[in-house]
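Listing of entry-v8.cif; format and content: mmCIF, C-alpha atoms and all ligand atoms.
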```cif
data_final
loop_
_atom_site.label_atom_id
_atom_site.label_comp_id
_atom_site.auth_asym_id
_atom_site.auth_seq_id
_atom_site.Cartn_x
_atom_site.Cartn_y
_atom_site.Cartn_z
CA MET S 27 0.00 0.00 0.00
CA SER S 28 1.41 3.40 -0.89
CA SER S 29 1.89 5.83 1.97
CA VAL S 30 -0.14 9.01 2.31
CA ILE S 31 2.03 12.09 2.58
CA ARG S 32 0.82 15.51 3.64
CA GLU S 33 2.36 18.94 4.20
CA THR S 34 0.39 22.02 5.18
CA VAL S 35 1.57 25.58 4.54
CA HIS S 36 -0.38 28.25 6.36
CA VAL S 37 -0.82 31.55 4.53
CA SER S 38 -1.64 34.71 6.43
CA THR S 39 -2.33 37.98 4.62
CA THR S 40 -4.09 41.17 5.65
CA SER S 41 -7.35 39.96 4.09
CA ALA S 42 -7.32 36.21 4.84
CA ASP S 43 -5.76 33.23 6.59
CA TYR S 44 -5.84 29.83 4.91
CA ASP S 45 -4.08 26.50 4.55
CA VAL S 46 -2.46 25.08 1.46
CA ILE S 47 -2.59 21.30 1.87
CA VAL S 48 -0.17 19.38 -0.34
CA GLY S 49 0.04 15.63 -0.67
CA THR S 50 -1.37 12.50 -2.21
CA ALA S 51 -4.90 11.05 -2.24
CA LEU S 52 -6.37 14.45 -1.35
CA LEU S 53 -9.12 14.71 -3.98
CA ALA S 54 -11.32 12.29 -2.07
CA GLU S 55 -11.03 14.56 0.97
CA VAL S 56 -11.93 17.83 -0.75
CA GLY S 57 -15.48 17.82 0.64
CA ALA S 58 -14.43 17.25 4.25
CA ARG S 59 -11.61 19.79 3.96
CA VAL S 60 -13.92 22.44 2.47
CA ARG S 61 -16.48 21.74 5.20
CA GLU S 62 -13.80 22.42 7.86
CA ALA S 63 -12.35 25.50 6.17
CA ALA S 64 -15.39 27.31 4.88
CA PRO S 65 -18.83 26.12 5.88
CA ALA S 66 -21.38 26.60 3.10
CA ASP S 67 -24.49 24.84 1.83
CA ALA S 68 -23.82 24.87 -1.88
CA ALA S 69 -20.64 24.27 -3.82
CA PHE S 70 -20.10 25.18 -7.46
CA ILE S 71 -17.26 23.39 -9.22
CA VAL S 72 -15.60 24.96 -12.23
CA SER S 73 -13.39 22.58 -14.17
CA ASP S 74 -12.13 22.30 -17.72
CA THR S 75 -12.30 19.86 -20.60
CA ASN S 76 -8.88 18.36 -19.76
CA VAL S 77 -9.40 17.92 -16.05
CA ALA S 78 -13.10 17.13 -15.68
CA PRO S 79 -13.01 13.67 -17.34
CA LEU S 80 -10.31 12.62 -14.88
CA TYR S 81 -11.31 14.13 -11.55
CA LEU S 82 -14.69 15.90 -11.57
CA GLU S 83 -16.76 12.93 -10.47
CA GLN S 84 -14.48 12.17 -7.54
CA VAL S 85 -14.58 15.76 -6.28
CA GLU S 86 -18.36 16.01 -6.81
CA THR S 87 -18.86 12.83 -4.79
CA SER S 88 -16.58 14.06 -2.04
CA LEU S 89 -18.48 17.37 -1.76
CA CYS S 90 -21.87 15.60 -1.80
CA GLU S 91 -20.72 13.21 0.93
CA ALA S 92 -19.72 16.22 3.02
CA GLY S 93 -23.28 17.52 2.75
CA PHE S 94 -22.97 20.16 0.02
CA SER S 95 -25.46 20.52 -2.77
CA VAL S 96 -23.24 20.53 -5.83
CA ALA S 97 -23.47 22.07 -9.28
CA SER S 98 -20.67 22.18 -11.81
CA LEU S 99 -19.57 23.71 -15.07
CA VAL S 100 -16.93 22.43 -17.45
CA VAL S 101 -15.34 25.13 -19.61
CA GLU S 102 -13.00 24.76 -22.58
CA ALA S 103 -9.35 24.41 -21.54
CA GLY S 104 -6.77 26.87 -22.85
CA GLU S 105 -5.67 30.49 -22.63
CA VAL S 106 -7.70 31.37 -25.71
CA HIS S 107 -10.88 30.74 -23.68
CA LYS S 108 -9.82 32.88 -20.69
CA ASN S 109 -12.01 35.70 -21.91
CA LEU S 110 -15.16 37.71 -21.26
CA THR S 111 -17.35 35.13 -23.02
CA THR S 112 -16.32 32.23 -20.78
CA PHE S 113 -16.35 34.51 -17.74
CA GLY S 114 -19.94 35.47 -18.59
CA THR S 115 -20.91 31.82 -19.00
CA ILE S 116 -19.52 31.01 -15.56
CA LEU S 117 -21.46 33.87 -13.93
CA GLU S 118 -24.72 33.03 -15.73
CA THR S 119 -24.40 29.37 -14.72
CA MET S 120 -23.75 30.37 -11.11
CA ALA S 121 -26.92 32.48 -11.13
CA LYS S 122 -28.96 29.68 -12.72
CA ALA S 123 -27.71 27.32 -10.01
CA ASP S 124 -29.17 29.75 -7.44
CA LEU S 125 -25.85 30.29 -5.70
CA THR S 126 -25.95 32.79 -2.88
CA ARG S 127 -23.34 34.78 -1.01
CA ASP S 128 -22.91 31.78 1.28
CA SER S 129 -22.09 29.39 -1.56
CA ILE S 130 -18.54 28.40 -2.36
CA MET S 131 -16.72 28.05 -5.65
CA VAL S 132 -14.35 25.10 -6.10
CA ALA S 133 -11.87 25.63 -8.93
CA LEU S 134 -10.71 22.17 -10.05
CA CYS S 135 -8.26 23.00 -12.81
CA GLY S 136 -4.91 24.44 -13.86
CA GLY S 137 -3.92 28.09 -13.62
CA VAL S 138 -5.77 29.48 -16.63
CA VAL S 139 -9.22 28.34 -15.53
CA GLY S 140 -8.29 28.83 -11.85
CA ASP S 141 -7.65 32.54 -12.51
CA MET S 142 -10.96 32.88 -14.34
CA ALA S 143 -13.01 30.92 -11.78
CA GLY S 144 -11.41 32.97 -9.01
CA PHE S 145 -12.42 36.18 -10.76
CA ALA S 146 -15.98 34.89 -11.16
CA ALA S 147 -16.02 34.13 -7.41
CA ALA S 148 -14.68 37.63 -6.69
CA SER S 149 -17.43 39.17 -8.86
CA TYR S 150 -20.55 37.08 -8.23
CA MET S 151 -22.78 38.94 -5.74
CA ARG S 152 -19.71 41.14 -5.07
CA GLY S 153 -17.72 38.17 -3.91
CA ILE S 154 -18.14 34.63 -2.66
CA ARG S 155 -15.48 32.29 -1.26
CA VAL S 156 -13.28 30.16 -3.46
CA VAL S 157 -11.32 26.97 -2.86
CA GLN S 158 -8.55 26.23 -5.31
CA VAL S 159 -7.87 22.60 -6.25
CA PRO S 160 -4.93 22.99 -8.64
CA THR S 161 -4.17 20.10 -10.99
CA THR S 162 -0.98 21.28 -12.74
CA LEU S 163 2.47 21.93 -11.28
CA LEU S 164 2.28 25.59 -12.34
CA SER S 165 -0.99 26.16 -10.53
CA MET S 166 0.18 24.25 -7.43
CA VAL S 167 3.39 26.23 -6.97
CA ASP S 168 2.14 29.60 -8.15
CA SER S 169 -1.28 30.66 -9.41
CA SER S 170 -3.53 28.93 -6.85
CA VAL S 171 -1.79 30.74 -3.98
CA GLY S 172 -1.81 34.47 -3.32
CA GLY S 173 -5.23 35.56 -4.54
CA LYS S 174 -4.57 36.93 -8.01
CA THR S 175 -7.54 36.32 -10.31
CA ALA S 176 -8.02 37.54 -13.87
CA ILE S 177 -9.21 37.14 -17.42
CA ASP S 178 -7.62 38.32 -20.66
CA LEU S 179 -8.85 41.03 -23.02
CA SER S 180 -8.08 41.18 -26.73
CA CYS S 181 -5.49 43.90 -25.87
CA GLY S 182 -3.55 41.73 -23.43
CA LYS S 183 -3.28 39.06 -20.79
CA ASN S 184 -4.77 39.36 -17.29
CA LEU S 185 -5.96 42.91 -17.93
CA VAL S 186 -9.08 42.55 -15.79
CA GLY S 187 -9.17 40.88 -12.41
CA ALA S 188 -9.32 41.17 -8.67
CA PHE S 189 -7.48 40.04 -5.57
CA LEU S 190 -9.38 37.28 -3.78
CA GLN S 191 -7.48 35.03 -1.43
CA PRO S 192 -8.79 31.45 -1.49
CA SER S 193 -10.32 29.98 1.68
CA LEU S 194 -8.30 26.81 1.11
CA VAL S 195 -5.95 25.27 -1.44
CA VAL S 196 -5.86 21.48 -1.89
CA ALA S 197 -2.94 20.37 -4.06
CA ASP S 198 -3.04 16.64 -4.79
CA VAL S 199 0.32 15.82 -6.38
CA GLY S 200 -1.22 12.59 -7.70
CA CYS S 201 -2.81 14.78 -10.39
CA LEU S 202 0.66 15.53 -11.76
CA GLN S 203 0.93 11.95 -13.03
CA SER S 204 -1.76 12.57 -15.64
CA LEU S 205 -0.08 15.63 -17.14
CA GLU S 206 1.56 15.60 -20.56
CA PRO S 207 5.36 15.90 -19.99
CA GLU S 208 5.32 19.30 -21.75
CA VAL S 209 2.67 20.62 -19.34
CA PHE S 210 4.46 19.25 -16.28
CA VAL S 211 7.77 20.79 -17.40
CA ASP S 212 6.05 24.13 -18.02
CA GLY S 213 5.38 24.41 -14.27
CA ILE S 214 9.06 23.94 -13.50
CA GLY S 215 9.72 27.44 -14.91
CA GLU S 216 8.09 28.93 -11.80
CA VAL S 217 9.90 26.45 -9.53
CA VAL S 218 13.30 27.52 -10.90
CA LYS S 219 12.19 31.14 -10.49
CA HIS S 220 11.52 30.54 -6.80
CA GLY S 221 14.99 29.01 -6.41
CA VAL S 222 16.70 31.97 -8.09
CA LEU S 223 14.56 34.37 -6.07
CA ALA S 224 14.90 33.02 -2.59
CA ASP S 225 16.33 29.55 -2.10
CA GLU S 226 19.80 28.56 -3.22
CA SER S 227 19.51 25.02 -1.85
CA LEU S 228 16.30 24.43 -3.86
CA PHE S 229 18.07 25.88 -6.91
CA ASP S 230 21.09 23.58 -6.44
CA GLU S 231 18.79 20.58 -6.05
CA LEU S 232 17.00 21.51 -9.28
CA ALA S 233 20.29 21.80 -11.13
CA TYR S 234 20.86 18.07 -10.51
CA THR S 235 17.36 16.60 -10.19
CA PRO S 236 15.12 16.77 -13.27
CA LEU S 237 11.66 16.93 -11.70
CA LEU S 238 10.06 15.25 -14.71
CA GLN S 239 11.94 12.07 -13.87
CA THR S 240 10.87 12.21 -10.24
CA SER S 241 7.90 9.99 -9.65
CA ASP S 242 8.36 9.91 -5.85
CA PRO S 243 5.20 11.57 -4.47
CA ASP S 244 6.98 12.28 -1.19
CA TYR S 245 9.60 14.36 -2.96
CA LEU S 246 7.05 16.11 -5.19
CA THR S 247 4.96 16.97 -2.12
CA HIS S 248 8.04 18.42 -0.47
CA VAL S 249 9.02 20.46 -3.54
CA VAL S 250 5.50 21.85 -4.02
CA ALA S 251 5.17 22.75 -0.32
CA ARG S 252 8.58 24.42 -0.34
CA ASN S 253 7.56 26.54 -3.33
CA VAL S 254 4.27 27.46 -1.72
CA ALA S 255 6.16 28.54 1.41
CA ILE S 256 8.46 30.77 -0.67
CA LYS S 257 5.47 32.39 -2.34
CA ARG S 258 3.65 32.68 1.01
CA ASP S 259 6.63 34.52 2.54
CA VAL S 260 6.53 37.09 -0.26
CA VAL S 261 2.75 37.50 -0.55
CA SER S 262 2.08 37.76 3.17
CA GLY S 263 4.16 40.94 3.31
CA ASP S 264 2.56 42.57 0.29
CA GLU S 265 -0.76 41.14 -0.78
CA ARG S 266 -1.48 43.82 -3.40
CA GLU S 267 1.90 43.90 -5.14
CA ARG S 268 2.86 47.41 -4.09
CA GLY S 269 6.39 46.35 -3.13
CA VAL S 270 8.09 43.04 -2.44
CA ARG S 271 5.46 40.94 -4.30
CA GLN S 272 6.84 42.46 -7.50
CA THR S 273 9.88 40.20 -7.02
CA LEU S 274 7.63 37.26 -8.02
CA ASN S 275 7.73 38.81 -11.49
CA LEU S 276 11.37 37.75 -11.82
CA GLY S 277 11.86 36.56 -15.41
CA HIS S 278 8.40 37.75 -16.39
CA THR S 279 9.22 41.08 -18.08
CA ILE S 280 11.02 39.36 -20.95
CA GLY S 281 8.97 36.18 -20.43
CA HIS S 282 5.72 38.03 -21.10
CA ALA S 283 7.19 39.62 -24.24
CA ILE S 284 8.16 36.15 -25.50
CA GLU S 285 4.74 34.75 -24.65
CA ALA S 286 2.96 37.54 -26.53
CA ALA S 287 5.39 37.44 -29.47
CA SER S 288 4.74 33.70 -29.81
CA GLY S 289 1.01 34.42 -30.04
CA TYR S 290 0.62 32.51 -26.74
CA THR S 291 1.68 29.27 -28.40
CA LEU S 292 4.59 28.87 -25.94
CA GLY S 293 3.76 27.84 -22.38
CA HIS S 294 4.03 30.47 -19.65
CA GLY S 295 6.66 28.51 -17.70
CA HIS S 296 8.78 27.97 -20.82
CA CYS S 297 8.72 31.74 -21.45
CA VAL S 298 9.57 32.50 -17.81
CA ALA S 299 12.56 30.13 -18.09
CA VAL S 300 13.89 32.06 -21.11
CA GLY S 301 13.09 35.33 -19.33
CA LEU S 302 15.08 34.21 -16.26
CA CYS S 303 18.09 33.31 -18.37
CA ALA S 304 17.86 36.55 -20.36
CA VAL S 305 17.63 38.86 -17.35
CA ALA S 306 20.50 36.98 -15.65
CA ARG S 307 22.64 37.34 -18.81
CA ALA S 308 21.92 41.05 -19.09
CA ALA S 309 22.37 41.67 -15.36
CA GLU S 310 25.78 40.02 -15.41
CA GLN S 311 26.94 42.01 -18.41
CA LEU S 312 25.72 45.25 -16.88
CA GLY S 313 27.63 44.54 -13.66
CA TRP S 314 24.44 44.16 -11.60
CA ALA S 315 24.93 40.45 -10.86
CA GLU S 316 27.82 38.28 -9.72
CA THR S 317 29.95 36.59 -12.36
CA GLY S 318 28.77 33.12 -13.34
CA LEU S 319 25.12 33.70 -12.45
CA ALA S 320 23.84 33.49 -16.02
CA GLU S 321 25.66 30.23 -16.69
CA ARG S 322 24.24 28.66 -13.52
CA VAL S 323 20.69 29.74 -14.35
CA ALA S 324 20.92 28.49 -17.93
CA ALA S 325 22.39 25.14 -16.78
CA CYS S 326 19.58 24.64 -14.26
CA VAL S 327 16.85 25.53 -16.75
CA THR S 328 18.39 23.17 -19.32
CA ALA S 329 18.68 20.35 -16.76
CA GLN S 330 14.94 20.69 -16.18
CA GLY S 331 14.14 20.39 -19.91
CA LEU S 332 13.27 24.05 -20.37
CA PRO S 333 14.63 26.44 -23.02
CA SER S 334 17.26 29.04 -22.12
CA THR S 335 16.98 31.05 -25.35
CA SER S 336 14.44 31.85 -28.02
CA ASP S 337 14.56 32.20 -31.79
CA LEU S 338 12.02 35.01 -31.72
CA PRO S 339 13.57 38.19 -33.14
CA THR S 340 14.73 40.68 -30.51
CA SER S 341 12.94 43.43 -32.45
CA GLU S 342 9.64 41.58 -31.92
CA LEU S 343 10.29 41.25 -28.18
CA VAL S 344 11.14 44.93 -27.94
CA ALA S 345 7.92 45.71 -29.83
CA GLN S 346 5.92 43.63 -27.33
CA ALA S 347 7.67 45.28 -24.40
CA THR S 348 6.94 48.67 -25.99
CA HIS S 349 3.29 47.78 -26.25
CA ASP S 350 3.27 46.67 -22.61
CA LYS S 351 5.25 49.70 -21.42
CA LYS S 352 2.30 52.02 -22.07
CA ARG S 353 0.70 50.55 -18.98
CA HIS S 354 3.67 51.36 -16.76
CA GLY S 355 4.25 55.12 -17.12
CA THR S 356 7.81 56.32 -17.66
CA GLY S 357 9.67 53.09 -17.01
CA VAL S 358 9.32 49.63 -15.51
CA ASN S 359 10.29 47.97 -12.25
CA LEU S 360 12.66 45.26 -13.41
CA VAL S 361 13.38 42.38 -11.05
CA VAL S 362 17.10 41.69 -11.32
CA PRO S 363 18.83 38.61 -9.88
CA THR S 364 22.09 39.65 -8.21
CA ARG S 365 23.10 36.16 -7.05
CA ILE S 366 21.21 32.88 -6.60
CA GLY S 367 18.69 33.47 -3.82
CA GLN S 368 18.84 37.25 -4.03
CA VAL S 369 17.13 39.82 -6.26
CA GLU S 370 16.65 43.58 -6.36
CA ILE S 371 13.98 45.74 -7.97
CA ARG S 372 15.47 48.34 -10.32
CA ARG S 373 13.49 51.15 -11.86
CA VAL S 374 14.70 51.20 -15.48
CA SER S 375 13.83 53.54 -18.32
CA PHE S 376 12.43 52.05 -21.52
CA ASP S 377 15.78 52.60 -23.24
CA GLU S 378 17.47 50.63 -20.46
CA LEU S 379 14.84 47.89 -20.75
CA PHE S 380 15.50 47.57 -24.48
CA GLU S 381 19.22 47.25 -23.72
CA VAL S 382 18.43 44.53 -21.18
CA ILE S 383 16.40 42.65 -23.82
CA ARG S 384 19.14 43.08 -26.41
CA LEU S 385 21.89 41.84 -24.08
CA GLY S 386 19.72 39.10 -22.61
CA MET S 387 18.58 37.64 -25.91
CA HIS S 388 21.98 37.87 -27.57
CA ARG S 389 23.33 34.39 -28.20
CA CYS S 390 26.72 33.99 -26.51
N1 LIG S 401 2.43 34.99 -10.04
C1 LIG S 401 2.92 36.11 -9.35
C2 LIG S 401 2.05 36.55 -8.23
O1 LIG S 401 1.17 35.83 -7.81
O2 LIG S 401 2.25 37.62 -7.72
#
```
File written out as structure tokens:
Amino acid sequence: MSSVIRETVHVSTTSADYDVIVGTALLAEVGARVREAAPADAAFIVSDTNVAPLYLEQVETSLCEAGFSVASLVVEAGEVHKNLTTFGTILETMAKADLTRDSIMVALCGGVVGDMAGFAAASYMRGIRVVQVPTTLLSMVDSSVGGKTAIDLSCGKNLVGAFLQPSLVVADVGCLQSLEPEVFVDGIGEVVKHGVLADESLFDELAYTPLLQTSDPDYLTHVVARNVAIKRDVVSGDERERGVRQTLNLGHTIGHAIEAASGYTLGHGHCVAVGLCAVARAAEQLGWAETGLAERVAACVTAQGLPSTSDLPTSELVAQATHDKKRHGTGVNLVVPTRIGQVEIRRVSFDELFEVIRLGMHRC
């Protein structure tokens, strides 16, 4: 019989306190856990076309057994559906299911649908509670924790949203087994980011341990919980991203430009991996980071099966950054790694940002 492993990370912010429970065989306990964390009569599950065939029935049963009346909606998977139309469908379905302010949303999905379901929970009747049940590595280590919710507009990603901390996060690492290797690896981009940001021992472990080849649920539980704790430590000091939370955007300035330039065909974590390598390369050349940093970051990313460079033309990335810059005033706050486990936020002009992109994307 396989052992059951659990780790709990407690998150405390100005607006909410909640547990992130990580481990195996947790889906069957979702109902009981939700009952303990956030009493409600009705639960509304939002899932997607990839996840629902695998896990929806189990979670529905668990919620019913815990005494909830349960309704659910399955939306199309994929970033292209993270839009006003799907958002509207979720809200209309919630209303038709007669949900009240005391009902609870259960987001059983990866990060894309989790963001959208969270925003629907934040909006319906001016806000109901949400429980996140992330099913991808990316959503377990990043998007399900910290309360950011959003949808995309045709002008850009995550342009509309709200902060709503979940009442509970249940991360069953058993779900990772069903992921396509490409999707699993995509989540590692955010794991490497956390190592570069705040944890040299995690980073060093990643440099030698390809997570994709790790089937040990004990180790995966430990890695996910460690990443959640890193994010918790940042978010609890700055829920609304006025200061230190911006450091979680490490690798994202160039990463977002790559994502947009690829027409969102490249996974977010893959783009973050390239963005991490690029900003490390530029930072080293500009004398902002210690010598050897860029090589270490690129080696770690490569060991995890992620790209360290991109073929997209620098001019296209600069164009995307230019488009994005309009939303940031006279410059951007760039998160710069100075050594593994340490970053600083630098206010850079757009000219400096373009130089960072040029240096970062230059093939050595
Ligand atoms: N994914 C970055 C944040 O939650 O702030």
What lies within 10 Å of Ser149 (chain S) using only C-alpha atoms, ignoring chain neighbours under 6 positions off, as a compact mmCIF listing (two decimals) with C-alpha atoms, in the frame of the given file?
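And here is the file that came out, result-v4.txt:
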```
# COMPACT_ATOMS: atom_id res chain seq x y z
CA LEU S 117 -21.46 33.87 -13.93
CA ALA S 143 -13.01 30.92 -11.78
CA GLY S 187 -9.17 40.88 -12.41
CA ALA S 188 -9.32 41.17 -8.67
CA LEU S 190 -9.38 37.28 -3.78
```
*So which residues touch Cys135 (chain S) within 8 Å, counting only C-alpha atoms, skipping near sequence neighbours fewer than 5 positions away, as a list in words?*
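So the residues in contact are Val72, Ser73, Asp74, Val77, Gly140, Val159, Pro160, Thr161 and Thr162 of chain S.
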Between chain S and ligand LIG 401 (chain S), at 12 Å or less, what are the per-residue closest atom pairs and their distances in Å? Count all atoms listed in the file, order by chain and rising residue number, and return it as a tab-separated table.
```
residue	atom	partner	partner_atom	distance
S:Gly137	CA	S:LIG401	N1	10.0
S:Val138	CA	S:LIG401	N1	11.9
S:Asp141	CA	S:LIG401	O1	10.5
S:Leu164	CA	S:LIG401	N1	9.7
S:Ser165	CA	S:LIG401	N1	9.5
S:Met166	CA	S:LIG401	N1	11.3
S:Val167	CA	S:LIG401	N1	9.3
S:Asp168	CA	S:LIG401	N1	5.7
S:Ser169	CA	S:LIG401	N1	5.7
S:Ser170	CA	S:LIG401	O1	8.4
S:Val171	CA	S:LIG401	O1	7.0
S:Gly172	CA	S:LIG401	O1	5.6
S:Gly173	CA	S:LIG401	O1	7.2
S:Lys174	CA	S:LIG401	O1	5.8
S:Thr175	CA	S:LIG401	O1	9.1
S:Ala176	CA	S:LIG401	O1	11.1
S:Asn184	CA	S:LIG401	N1	11.1
S:Ala188	CA	S:LIG401	O1	11.8
S:Phe189	CA	S:LIG401	O1	9.9
S:Leu190	CA	S:LIG401	O1	11.4
S:Gln191	CA	S:LIG401	O1	10.8
S:Gly213	CA	S:LIG401	N1	11.8
S:Gly215	CA	S:LIG401	N1	11.6
S:Glu216	CA	S:LIG401	N1	8.5
S:Val217	CA	S:LIG401	N1	11.4
S:Lys219	CA	S:LIG401	N1	10.5
S:His220	CA	S:LIG401	C1	10.6
S:Asn253	CA	S:LIG401	N1	11.9
S:Val254	CA	S:LIG401	O1	10.8
S:Ile256	CA	S:LIG401	O1	11.4
S:Lys257	CA	S:LIG401	O1	7.8
S:Arg258	CA	S:LIG401	O1	9.7
S:Asp259	CA	S:LIG401	O2	11.6
S:Val260	CA	S:LIG401	O2	8.6
S:Val261	CA	S:LIG401	O2	7.2
S:Ser262	CA	S:LIG401	O2	10.9
S:Gly263	CA	S:LIG401	O2	11.7
S:Asp264	CA	S:LIG401	O2	9.4
S:Glu265	CA	S:LIG401	O2	8.3
S:Arg266	CA	S:LIG401	O2	8.4
S:Glu267	CA	S:LIG401	O2	6.8
S:Arg268	CA	S:LIG401	O2	10.5
S:Gly269	CA	S:LIG401	O2	10.7
S:Val270	CA	S:LIG401	O2	9.6
S:Arg271	CA	S:LIG401	O2	5.7
S:Gln272	CA	S:LIG401	O2	6.7
S:Thr273	CA	S:LIG401	O2	8.1
S:Leu274	CA	S:LIG401	C1	5.0
S:Asn275	CA	S:LIG401	C1	5.9
S:Leu276	CA	S:LIG401	C1	9.0
S:Gly277	CA	S:LIG401	C1	10.8
S:His278	CA	S:LIG401	C1	9.1
S:Thr279	CA	S:LIG401	C1	11.9
S:His282	CA	S:LIG401	N1	11.9
S:His294	CA	S:LIG401	N1	10.7
S:Gly295	CA	S:LIG401	N1	10.9
S:Val298	CA	S:LIG401	N1	10.8
```
Take the selection from the previous step and output its residues with C-alpha atoms, as a compact mmCIF listing (two decimals), in the coordinates of the input.
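See out_31.txt below for the written result:
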```txt
# COMPACT_ATOMS: atom_id res chain seq x y z
CA GLY S 137 -3.92 28.09 -13.62
CA VAL S 138 -5.77 29.48 -16.63
CA ASP S 141 -7.65 32.54 -12.51
CA LEU S 164 2.28 25.59 -12.34
CA SER S 165 -0.99 26.16 -10.53
CA MET S 166 0.18 24.25 -7.43
CA VAL S 167 3.39 26.23 -6.97
CA ASP S 168 2.14 29.60 -8.15
CA SER S 169 -1.28 30.66 -9.41
CA SER S 170 -3.53 28.93 -6.85
CA VAL S 171 -1.79 30.74 -3.98
CA GLY S 172 -1.81 34.47 -3.32
CA GLY S 173 -5.23 35.56 -4.54
CA LYS S 174 -4.57 36.93 -8.01
CA THR S 175 -7.54 36.32 -10.31
CA ALA S 176 -8.02 37.54 -13.87
CA ASN S 184 -4.77 39.36 -17.29
CA ALA S 188 -9.32 41.17 -8.67
CA PHE S 189 -7.48 40.04 -5.57
CA LEU S 190 -9.38 37.28 -3.78
CA GLN S 191 -7.48 35.03 -1.43
CA GLY S 213 5.38 24.41 -14.27
CA GLY S 215 9.72 27.44 -14.91
CA GLU S 216 8.09 28.93 -11.80
CA VAL S 217 9.90 26.45 -9.53
CA LYS S 219 12.19 31.14 -10.49
CA HIS S 220 11.52 30.54 -6.80
CA ASN S 253 7.56 26.54 -3.33
CA VAL S 254 4.27 27.46 -1.72
CA ILE S 256 8.46 30.77 -0.67
CA LYS S 257 5.47 32.39 -2.34
CA ARG S 258 3.65 32.68 1.01
CA ASP S 259 6.63 34.52 2.54
CA VAL S 260 6.53 37.09 -0.26
CA VAL S 261 2.75 37.50 -0.55
CA SER S 262 2.08 37.76 3.17
CA GLY S 263 4.16 40.94 3.31
CA ASP S 264 2.56 42.57 0.29
CA GLU S 265 -0.76 41.14 -0.78
CA ARG S 266 -1.48 43.82 -3.40
CA GLU S 267 1.90 43.90 -5.14
CA ARG S 268 2.86 47.41 -4.09
CA GLY S 269 6.39 46.35 -3.13
CA VAL S 270 8.09 43.04 -2.44
CA ARG S 271 5.46 40.94 -4.30
CA GLN S 272 6.84 42.46 -7.50
CA THR S 273 9.88 40.20 -7.02
CA LEU S 274 7.63 37.26 -8.02
CA ASN S 275 7.73 38.81 -11.49
CA LEU S 276 11.37 37.75 -11.82
CA GLY S 277 11.86 36.56 -15.41
CA HIS S 278 8.40 37.75 -16.39
CA THR S 279 9.22 41.08 -18.08
CA HIS S 282 5.72 38.03 -21.10
CA HIS S 294 4.03 30.47 -19.65
CA GLY S 295 6.66 28.51 -17.70
CA VAL S 298 9.57 32.50 -17.81
```
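Every protein or nucleic acid residue with an atom no more than 12 Å from Val106 (chain S), counting only C-alpha atoms and leaving out same-chain residues fewer than 4 positions away, appears here: S:Val101, S:Glu102, S:Leu110, S:Thr111, S:Thr112, S:Val138, S:Val139, S:Met142, S:Ile177, S:Asp178, S:Leu179, S:Ser180, S:Gly182, S:Lys183, S:Asn184, S:Gly289, S:Tyr290, S:Thr291.
Taking CA of His107 (chain S) and CA of Ile214 (chain S) as the two end points, the separation is 23.4 Å.
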_To one decimal place in Å, what is the distance between CA of Pro236 (chain S) and CA of His296 (chain S)?_
14.9 Å
*What is the distance, in Å and to one decimal place, between CA of Ser241 (chain S) and CA of Ala299 (chain S)?*
22.3 Å
*What lies within 12 Å of Thr356 (chain S) using all atoms listed in the file, ignoring chain neighbours under 5 positions off, as JSON, numbers by chain?*
{"S": [348, 350, 351, 373, 374, 375, 376, 377, 378, 379]}
Okay, now the selection with C-alpha atoms, as a JSON list (two decimals), in the coordinates of the input?
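Below is the file part-v4.json, written as the result:
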```
[["chain", "number", "residue", "atom", "x", "y", "z"],
["S", 348, "THR", "CA", 6.94, 48.67, -25.99],
["S", 350, "ASP", "CA", 3.27, 46.67, -22.61],
["S", 351, "LYS", "CA", 5.25, 49.70, -21.42],
["S", 373, "ARG", "CA", 13.49, 51.15, -11.86],
["S", 374, "VAL", "CA", 14.70, 51.20, -15.48],
["S", 375, "SER", "CA", 13.83, 53.54, -18.32],
["S", 376, "PHE", "CA", 12.43, 52.05, -21.52],
["S", 377, "ASP", "CA", 15.78, 52.60, -23.24],
["S", 378, "GLU", "CA", 17.47, 50.63, -20.46],
["S", 379, "LEU", "CA", 14.84, 47.89, -20.75]]
```
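Of the residues listed (S:Lys108, S:Phe94, S:Leu163, S:Arg322), S:Leu163 shows the shortest atom-to-atom separation from Glu206 (chain S); distances use all atoms listed in the file.
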*Show which residues sit within 9 Å of Arg155 (chain S), as number ranges by chain. Count only C-alpha atoms, and ignore same-chain residues fewer than 3 positions away.*
S: 64, 127-132, 144, 147-148, 190-193
*Place a sphere of radius 12 Å on (13.5, 38.9, -19.0) in the file coordinates and name every protein, DNA or RNA residue with an atom inside or on its surface, counting only C-alpha atoms; give the answer as a VMD selection string.*
chain S and resid 219 275 to 285 297 to 309 334 to 336 340 343 to 344 347 359 to 363 379 to 387
*asked:* Calculated over all atoms listed in the file, which of the candidates S:Val157, S:Ala315, S:Ala78, S:Ala69 has the smallest distance to Ala133 (chain S)?
replied: S:Val157
Please report, as JSON, the centre and edge lengths in Å to one decimal of an axis-aligned box covering all listed atoms of region 302-312 of chain S with 3 Å per side.
```
{"center_x": 21.0, "center_y": 39.3, "center_z": -17.9, "size_x": 17.9, "size_y": 17.9, "size_z": 11.0}
```
_Let me make sure I understand: among S:Val156, S:Ala68, S:Leu292, S:Met120, which one has the smallest atom-to-atom distance to Tyr44 (chain S) if we use only C-alpha atoms?_
S:Val156
